[in-house]
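Structure file protein.csv (CSV, C-alpha atoms and all ligand atoms) follows.
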chain,number,residue,atom,x,y,z
A,1,MET,CA,4.1,-56.4,-39.1
A,2,GLU,CA,5.5,-55.7,-42.5
A,3,ASN,CA,9.2,-55.4,-42.9
A,4,GLU,CA,11.4,-53.6,-45.4
A,5,ASN,CA,11.6,-56.7,-47.6
A,6,ASP,CA,7.8,-56.9,-47.9
A,7,ASP,CA,7.6,-53.2,-49.0
A,8,PHE,CA,10.4,-53.9,-51.5
A,9,ALA,CA,8.7,-57.0,-52.8
A,10,LYS,CA,5.4,-55.1,-53.4
A,11,SER,CA,7.2,-52.4,-55.5
A,12,LEU,CA,9.3,-54.7,-57.7
A,13,THR,CA,8.2,-58.2,-58.7
A,14,THR,CA,10.8,-59.3,-61.2
A,15,ILE,CA,14.3,-58.1,-61.7
A,16,LEU,CA,16.7,-59.0,-64.5
A,17,LEU,CA,20.2,-59.6,-63.2
A,18,ALA,CA,22.8,-59.3,-66.0
A,19,THR,CA,24.8,-62.3,-65.0
A,20,ARG,CA,25.5,-65.9,-66.0
A,21,ASN,CA,26.9,-66.7,-62.6
A,22,ARG,CA,24.1,-68.7,-60.9
A,23,HIS,CA,25.7,-68.3,-57.5
A,24,LYS,CA,25.2,-64.5,-57.7
A,25,THR,CA,21.6,-65.0,-58.7
A,26,ARG,CA,21.0,-67.4,-55.8
A,27,GLU,CA,22.5,-65.0,-53.3
A,28,ILE,CA,20.6,-62.0,-54.6
A,29,GLN,CA,17.4,-63.9,-54.8
A,30,THR,CA,17.8,-65.0,-51.1
A,31,MET,CA,18.7,-61.6,-49.9
A,32,LEU,CA,15.9,-59.7,-51.7
A,33,SER,CA,12.9,-61.8,-50.6
A,34,ASP,CA,10.5,-64.4,-52.0
A,35,GLY,CA,8.2,-61.7,-53.3
A,36,VAL,CA,10.8,-60.6,-55.8
A,37,LYS,CA,11.7,-63.0,-58.7
A,38,VAL,CA,15.3,-62.6,-59.8
A,39,VAL,CA,15.9,-63.8,-63.4
A,40,ASP,CA,19.4,-64.0,-65.0
A,41,LEU,CA,20.9,-64.3,-68.4
A,42,THR,CA,21.0,-68.1,-68.2
A,43,GLN,CA,17.3,-68.0,-69.3
A,44,TYR,CA,18.0,-65.5,-72.2
A,45,ASN,CA,20.6,-67.1,-74.4
A,46,HIS,CA,20.0,-64.7,-77.2
A,47,LEU,CA,21.2,-61.7,-75.1
A,48,PRO,CA,24.8,-60.8,-75.9
A,49,GLU,CA,27.9,-61.7,-73.9
A,50,ILE,CA,29.2,-58.3,-72.6
A,51,GLU,CA,33.0,-58.0,-72.8
A,52,GLU,CA,34.4,-56.9,-69.4
A,53,THR,CA,37.0,-54.5,-70.7
A,54,GLY,CA,36.9,-52.2,-67.7
A,55,VAL,CA,39.7,-52.0,-65.2
A,56,THR,CA,37.5,-51.3,-62.2
A,57,PHE,CA,34.5,-53.1,-60.7
A,58,GLU,CA,32.4,-50.0,-61.4
A,59,GLU,CA,33.4,-49.8,-65.1
A,60,ASN,CA,32.5,-53.5,-65.6
A,61,SER,CA,29.3,-53.4,-63.7
A,62,LYS,CA,28.1,-50.4,-65.8
A,63,LEU,CA,29.2,-52.1,-69.0
A,64,LYS,CA,27.1,-55.2,-68.1
A,65,ALA,CA,24.0,-53.3,-66.9
A,66,GLU,CA,24.1,-50.8,-69.8
A,67,GLY,CA,24.9,-53.4,-72.5
A,68,ILE,CA,22.0,-55.7,-71.5
A,69,SER,CA,19.5,-52.9,-70.9
A,70,LEU,CA,19.7,-52.0,-74.5
A,71,HIS,CA,18.0,-55.3,-75.4
A,72,VAL,CA,15.3,-55.5,-72.8
A,73,PRO,CA,12.6,-53.2,-71.4
A,74,GLY,CA,12.8,-52.0,-67.8
A,75,ILE,CA,15.7,-51.8,-65.4
A,76,VAL,CA,18.7,-54.2,-65.4
A,77,LEU,CA,20.9,-54.8,-62.4
A,78,ALA,CA,24.5,-56.0,-62.8
A,79,ASP,CA,27.1,-57.2,-60.3
A,80,ASP,CA,30.8,-57.0,-60.7
A,81,SER,CA,32.7,-58.3,-57.8
A,82,GLY,CA,35.9,-60.0,-56.7
A,83,LEU,CA,38.6,-60.4,-54.1
A,84,GLU,CA,41.4,-58.0,-53.4
A,85,VAL,CA,44.5,-59.3,-51.6
A,86,ASP,CA,46.8,-56.5,-50.4
A,87,ALA,CA,50.1,-58.5,-50.4
A,88,ILE,CA,49.8,-59.3,-54.1
A,89,GLY,CA,48.9,-55.8,-55.3
A,90,LYS,CA,45.1,-56.2,-54.8
A,91,GLU,CA,45.0,-59.2,-57.2
A,92,PRO,CA,42.9,-60.9,-58.4
A,93,GLY,CA,40.6,-57.9,-58.4
A,94,VAL,CA,38.5,-57.4,-61.6
A,95,TYR,CA,40.2,-60.6,-62.9
A,96,SER,CA,38.8,-62.7,-60.1
A,97,ALA,CA,36.5,-64.9,-62.3
A,98,ARG,CA,39.3,-65.8,-64.7
A,99,TYR,CA,42.5,-65.4,-62.5
A,100,ALA,CA,43.9,-68.9,-63.3
A,101,ALA,CA,42.4,-69.1,-66.8
A,102,SER,CA,45.8,-69.2,-68.6
A,103,SER,CA,46.8,-72.4,-66.7
A,104,PHE,CA,43.4,-74.0,-66.4
A,105,SER,CA,43.1,-77.3,-68.2
A,106,GLY,CA,39.3,-77.2,-68.3
A,107,ILE,CA,39.1,-80.2,-66.0
A,108,GLY,CA,37.4,-79.5,-62.7
A,109,SER,CA,36.3,-76.1,-61.5
A,110,ILE,CA,37.9,-72.7,-62.4
A,111,ASP,CA,36.9,-71.6,-58.8
A,112,VAL,CA,39.3,-74.3,-57.4
A,113,ALA,CA,42.0,-73.3,-59.8
A,114,ASN,CA,41.6,-69.6,-59.0
A,115,THR,CA,41.7,-70.3,-55.2
A,116,ALA,CA,44.8,-72.5,-55.5
A,117,LEU,CA,46.6,-69.8,-57.5
A,118,VAL,CA,46.0,-67.2,-54.8
A,119,LEU,CA,47.1,-69.5,-52.1
A,120,LYS,CA,50.3,-70.3,-54.0
A,121,LYS,CA,51.1,-66.6,-54.5
A,122,MET,CA,50.5,-66.1,-50.8
A,123,VAL,CA,52.4,-69.1,-49.5
A,124,ASP,CA,55.2,-67.2,-47.6
A,125,VAL,CA,53.1,-64.2,-46.5
A,126,PRO,CA,52.6,-64.0,-42.7
A,127,TYR,CA,49.3,-63.6,-41.0
A,128,GLU,CA,49.6,-59.8,-40.4
A,129,GLN,CA,50.1,-59.2,-44.1
A,130,ARG,CA,47.2,-61.5,-45.3
A,131,THR,CA,44.6,-58.7,-45.3
A,132,ALA,CA,42.0,-58.9,-48.1
A,133,ARG,CA,38.5,-57.9,-49.0
A,134,PHE,CA,35.6,-58.8,-51.2
A,135,ARG,CA,34.1,-56.0,-53.2
A,136,CYS,CA,30.9,-55.8,-55.1
A,137,VAL,CA,29.7,-53.0,-57.3
A,138,LEU,CA,26.0,-53.1,-58.4
A,139,ALA,CA,25.0,-51.0,-61.4
A,140,VAL,CA,21.4,-50.3,-62.4
A,141,ALA,CA,20.7,-49.3,-66.0
A,142,GLU,CA,17.8,-48.6,-68.2
A,143,ARG,CA,17.8,-48.2,-72.0
A,144,GLY,CA,21.6,-48.1,-72.1
A,145,LYS,CA,22.1,-45.5,-69.4
A,146,THR,CA,23.3,-46.1,-65.8
A,147,LEU,CA,20.9,-44.8,-63.3
A,148,ALA,CA,22.8,-45.6,-60.1
A,149,VAL,CA,25.8,-47.5,-58.7
A,150,PHE,CA,26.2,-49.1,-55.3
A,151,ASP,CA,29.4,-50.4,-53.6
A,152,GLY,CA,29.8,-53.0,-50.9
A,153,THR,CA,32.9,-54.3,-49.1
A,154,VAL,CA,33.7,-56.9,-46.5
A,155,GLU,CA,37.2,-56.9,-45.0
A,156,GLY,CA,39.0,-60.0,-43.9
A,157,ILE,CA,42.1,-62.2,-43.8
A,158,LEU,CA,43.2,-64.7,-46.4
A,159,ALA,CA,43.4,-68.2,-45.0
A,160,THR,CA,46.4,-70.4,-45.6
A,161,GLU,CA,44.4,-73.3,-46.9
A,162,VAL,CA,41.0,-74.2,-48.3
A,163,LYS,CA,38.4,-74.5,-45.5
A,164,GLY,CA,34.8,-75.4,-45.9
A,165,SER,CA,32.7,-76.2,-49.0
A,166,GLY,CA,29.9,-73.6,-48.7
A,167,GLY,CA,29.4,-70.6,-50.9
A,168,PHE,CA,31.4,-70.3,-54.2
A,169,GLY,CA,34.5,-68.7,-55.7
A,170,TYR,CA,37.0,-67.6,-53.1
A,171,ASP,CA,34.7,-68.2,-50.1
A,172,PRO,CA,36.7,-71.2,-48.7
A,173,ILE,CA,39.9,-69.0,-48.4
A,174,PHE,CA,38.4,-65.8,-46.9
A,175,MET,CA,37.8,-65.3,-43.2
A,176,PRO,CA,35.7,-62.1,-42.6
A,177,ILE,CA,36.9,-59.8,-39.8
A,178,GLY,CA,35.7,-61.2,-36.4
A,179,TYR,CA,35.7,-64.8,-37.5
A,180,THR,CA,38.2,-67.6,-37.5
A,181,GLU,CA,36.1,-69.6,-40.1
A,182,THR,CA,36.0,-68.9,-43.8
A,183,PHE,CA,32.9,-68.0,-45.8
A,184,GLY,CA,33.1,-71.6,-47.0
A,185,GLU,CA,32.6,-72.8,-43.4
A,186,LEU,CA,30.1,-70.1,-42.2
A,187,SER,CA,26.4,-70.5,-43.1
A,188,ALA,CA,24.9,-68.5,-46.0
A,189,GLU,CA,22.8,-66.6,-43.4
A,190,ILE,CA,25.9,-65.4,-41.6
A,191,LYS,CA,27.6,-64.5,-44.9
A,192,HIS,CA,24.6,-62.5,-46.0
A,193,THR,CA,24.6,-60.4,-42.8
A,194,MET,CA,28.0,-58.8,-43.7
A,195,SER,CA,28.9,-59.7,-47.3
A,196,HIS,CA,30.0,-57.2,-50.0
A,197,ARG,CA,27.0,-58.2,-52.0
A,198,SER,CA,24.5,-57.7,-49.2
A,199,ARG,CA,25.9,-54.3,-48.4
A,200,ALA,CA,25.6,-53.1,-52.0
A,201,LEU,CA,22.2,-54.6,-52.3
A,202,ALA,CA,20.9,-52.9,-49.1
A,203,GLN,CA,21.7,-49.6,-50.8
A,204,PHE,CA,20.0,-50.7,-54.0
A,205,LYS,CA,16.8,-51.5,-52.1
A,206,ILE,CA,16.8,-48.0,-50.4
A,207,TRP,CA,17.3,-46.4,-53.8
A,208,TRP,CA,14.6,-48.4,-55.4
A,209,MET,CA,12.0,-47.7,-52.7
A,210,ARG,CA,12.8,-43.9,-52.8
A,211,ARG,CA,12.4,-43.9,-56.6
A,212,LYS,CA,8.9,-45.4,-56.4
B,301,LIG,P1,29.0,-62.4,-64.6
B,301,LIG,O1,30.0,-61.4,-65.2
B,301,LIG,O2,28.2,-63.1,-65.6
B,301,LIG,O3,28.2,-61.7,-63.6
B,301,LIG,P2,31.3,-63.6,-63.3
B,301,LIG,O4,31.5,-64.7,-62.3
B,301,LIG,O5,32.2,-63.6,-64.5
B,301,LIG,O6,29.8,-63.5,-63.8
B,301,LIG,P3,32.6,-61.2,-62.2
B,301,LIG,O7,33.3,-60.9,-63.4
B,301,LIG,O8,32.0,-60.1,-61.4
B,301,LIG,O9,31.4,-62.2,-62.5
B,301,LIG,O10,33.6,-62.0,-61.3
B,301,LIG,C1,33.2,-62.4,-60.0
B,301,LIG,C2,34.2,-63.4,-59.4
B,301,LIG,O11,34.7,-62.9,-58.1
B,301,LIG,C3,33.5,-64.7,-59.1
B,301,LIG,O12,33.5,-65.5,-60.2
B,301,LIG,C4,34.2,-65.2,-57.9
B,301,LIG,O13,35.4,-65.9,-58.3
B,301,LIG,C5,34.6,-63.9,-57.2
B,301,LIG,N1,33.5,-63.6,-56.2
B,301,LIG,C6,32.6,-62.6,-56.3
B,301,LIG,N2,31.8,-62.6,-55.2
B,301,LIG,C7,32.2,-63.6,-54.5
B,301,LIG,C8,31.7,-64.2,-53.3
B,301,LIG,O14,30.6,-63.7,-52.7
B,301,LIG,N3,32.3,-65.3,-52.8
B,301,LIG,C9,33.3,-65.8,-53.4
B,301,LIG,N4,33.9,-65.4,-54.5
B,301,LIG,C10,33.3,-64.3,-55.1

Please express the file's structure as structure tokens.
Amino acid sequence: MENENDDFAKSLTTILLATRNRHKTREIQTMLSDGVKVVDLTQYNHLPEIEETGVTFEENSKLKAEGISLHVPGIVLADDSGLEVDAIGKEPGVYSARYAASSFSGIGSIDVANTALVLKKMVDVPYEQRTARFRCVLAVAERGKTLAVFDGTVEGILATEVKGSGGFGYDPIFMPIGYTETFGELSAEIKHTMSHRSRALAQFKIWWMRRK
């Protein structure tokens, strides 16, 4: 019997994701299906770097989708995402990718530096106040205009130390609600059942199939 992913694959064979973050591409490729090919900007070096000047995930995802869609035919999908930690005023938020940039030596990984900075800021914060969430906003644009925007969130608790080596970014310090393990310890399959990205992508798939 055909499932929703098969129907989706038949109606959309290639999608351009306006990102240079290969982790996002891999996750979205896995969650869509084998029948859909997800290509990203790492294969199109001539396309411009879009400056993320927005102060919300929605603004930045629209900037990326609209900016890239001016240079290519068809629809472009963009993902702006990050971690919000309540006890530090919802930081790092839209600055998640570059949170520790000012103190980063360039040696090692920015993900490790970002994670260490959040843990340092949260060092004295007790368990009950360690609430956090990942958010993902996906924007779809064509010829410079946004067609739709989808939002996905997963609530959780910020761990007190790095645990696990799976995933990327802040995964090793984020325990989704209902789990004592971090996304860095849980399998990709489990992450995809509840992640901010999978929740936003589920809405995109419904929108796309209705549009056909
Ligand atoms: P593009 O703008 O090219 O898409 P980017 O990595 O700069 O790549 P964002 O500005 O949206 O993208 O920042 C997203 C950051 O948020 C990402 O680099 C991670 O640090 C964090 N993040 C987002 N989703 C995550 C996830 O599923 N797991 C862990 N960290 C995540």

Please, which residues have at least one atom within 8 Å of an atom of ligand LIG 301 (chain B), using all atoms listed in the file, listed as number ranges by chain?
-> A: 18-21, 24, 41, 52, 57, 60-61, 64, 78-83, 93-98, 111, 114, 134-136, 167-172, 183, 195-197

With all atoms listed in the file as the atoms that count, which of A:Glu189, A:Glu51, A:Asp7, A:Asp151 lies nearest to Leu201 in chain A?
-> A:Asp151

Counting all atoms listed in the file, the option among A:Lys62, A:His23, A:Arg130, A:Lys191 closest to Leu158 in chain A = A:Arg130

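Compared by their closest atoms to Thr13 in chain A, and using only C-alpha atoms, the residues A:Arg26, A:His71, A:Lys37, A:Lys145 rank with A:Lys37 nearest.
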
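Going from CA of Ala101 in chain A to CA of Ile177 in chain A covers 29.1 Å.
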
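Between Glu142 in chain A and the candidates A:Asp34, A:Glu66, A:Glu91, A:Glu84, the tightest atom-to-atom separation, counting all atoms listed in the file, involves A:Glu66.
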
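Within a radius of 7 Å around (35.9, -77.2, -47.1), the polymer residues are Val162, Lys163, Gly164, Ser165, Pro172, Gly184 and Glu185 of chain A, counting only C-alpha atoms.
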
For Thr160 in chain A, the closest of A:Thr180, A:Gln29, A:Asn5, A:Gln203 counting only C-alpha atoms is A:Thr180

So which residues touch Pro73 in chain A within 12 Å, counting only C-alpha atoms, skipping near sequence neighbours fewer than 2 positions away, as a VMD selection string?
-> chain A and resid 15 to 16 66 68 to 71 75 to 76 141 to 144

So how far away is CA of Val154 in chain A from CA of Val112 in chain A, in Å?
-> 21.3 Å

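The spacing separating CA of Tyr179 in chain A from CA of Thr131 in chain A amounts to 13.3 Å.
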
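Of the listed residues A:Ala132, A:Leu12, A:Val123, A:Leu138, the one whose atoms come nearest to Glu155 in chain A is A:Ala132, with distances taken using all atoms listed in the file.
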
Hey, what's within 9 Å of Ala113 in chain A if we count only C-alpha atoms and toss same-chain stuff fewer than 6 positions away? As a ChimeraX atom specification, please?
-> /A:99-101,103-104

Around range 176-191 of chain A, with edges along x, y and z and 8 Å added on all six sides, what centre and edge lengths do you get, in Å to one decimal, as JSON?
{"center_x": 30.5, "center_y": -66.3, "center_z": -41.7, "size_x": 31.4, "size_y": 29.0, "size_z": 26.6}
